[in-house]
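Student: Questions regarding the structure given below will be posed in turn.
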Amino acid sequence: MTDSIEALRQQMEAAAAAMDFETASRLRDRINLLRGGADGGAASVADTAGLTRQQPGAMGLGTSRQRVEPPAGWKPPKKPDLMVTRKR
């Protein structure tokens with residue numbers, strides 16, 4: 001396993017020296033996966049681009065934004081009664 005990591009590291013450095021930074025970043029990510037315990041096959045096919053594809057039916061402006069959802073069982077607090085005045 002260390003031989004393949006070393007070979008990938010040399011390829012990464014060669015790609016960076018040739019200004020091919022996309023290839024170098026893919027090799028860096030494969031090295032990190034191998035060091036993390038992934039096997040060689042899984043590391044070579046893993047998508048490490050960090051991009052997620054849009055789901056069918058959810059295309060358009062604003063659909064890629066994250067949605068905040070409250071925890072399960074959460075209820076909003078009661079609204080205050082506007083007819084009651086506070087004493088100062």
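Note on naming: chains are A, B, ... as they come in the structure tokens, residues start from 1 per chain, ligands start from 1 in the order shown.
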I'd like the neighbourhood of Gln11 (chain A) as a short mmCIF file (atom, residue, chain, number, x, y, z; two decimals) with N, CA, C and O atoms, in the first residue's frame, where a residue qualifies if any of its atoms comes within 10 Å (using only C-alpha atoms), though same-chain residues fewer than 6 positions away should be ignored.

Tutor:
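Everything below was put into out.cif:
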```cif
data_model
loop_
_atom_site.label_atom_id
_atom_site.label_comp_id
_atom_site.auth_asym_id
_atom_site.auth_seq_id
_atom_site.Cartn_x
_atom_site.Cartn_y
_atom_site.Cartn_z
N ILE A 5 0.99 4.57 -2.63
CA ILE A 5 0.89 5.95 -2.15
C ILE A 5 2.10 6.74 -2.62
O ILE A 5 1.98 7.87 -3.07
N ALA A 17 4.12 20.07 -11.19
CA ALA A 17 5.23 20.73 -11.88
C ALA A 17 4.86 21.07 -13.31
O ALA A 17 5.34 22.07 -13.86
N THR A 23 -5.37 17.36 -12.23
CA THR A 23 -4.87 15.99 -12.05
C THR A 23 -4.17 15.86 -10.70
O THR A 23 -4.35 14.87 -10.00
N ALA A 24 -3.39 16.87 -10.34
CA ALA A 24 -2.69 16.83 -9.05
C ALA A 24 -3.67 16.77 -7.89
O ALA A 24 -3.45 16.03 -6.93
N LEU A 27 -5.17 13.27 -7.66
CA LEU A 27 -4.20 12.34 -7.08
C LEU A 27 -4.05 12.58 -5.58
O LEU A 27 -3.95 11.63 -4.80
N ARG A 28 -4.07 13.84 -5.15
CA ARG A 28 -3.99 14.15 -3.73
C ARG A 28 -5.17 13.55 -2.97
O ARG A 28 -5.02 12.97 -1.89
#
```

Student: Mind pulling up the distance from CA of Ser25 (chain A) to CA of Ala38 (chain A)?

Tutor: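 Distance between the two atoms: 17.4 Å.
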
Student: Just the number, please: distance in Å from CA of Ser44 (chain A) to CA of Ala14 (chain A), one decimal.

Tutor: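 Computing the Euclidean distance for CA of Ser44 (chain A) and CA of Ala14 (chain A) yields 18.4 Å.
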
Student: In Å, how far is it from CA of Arg26 (chain A) to CA of Ala42 (chain A)?

Tutor: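 It comes out at 13.5 Å.
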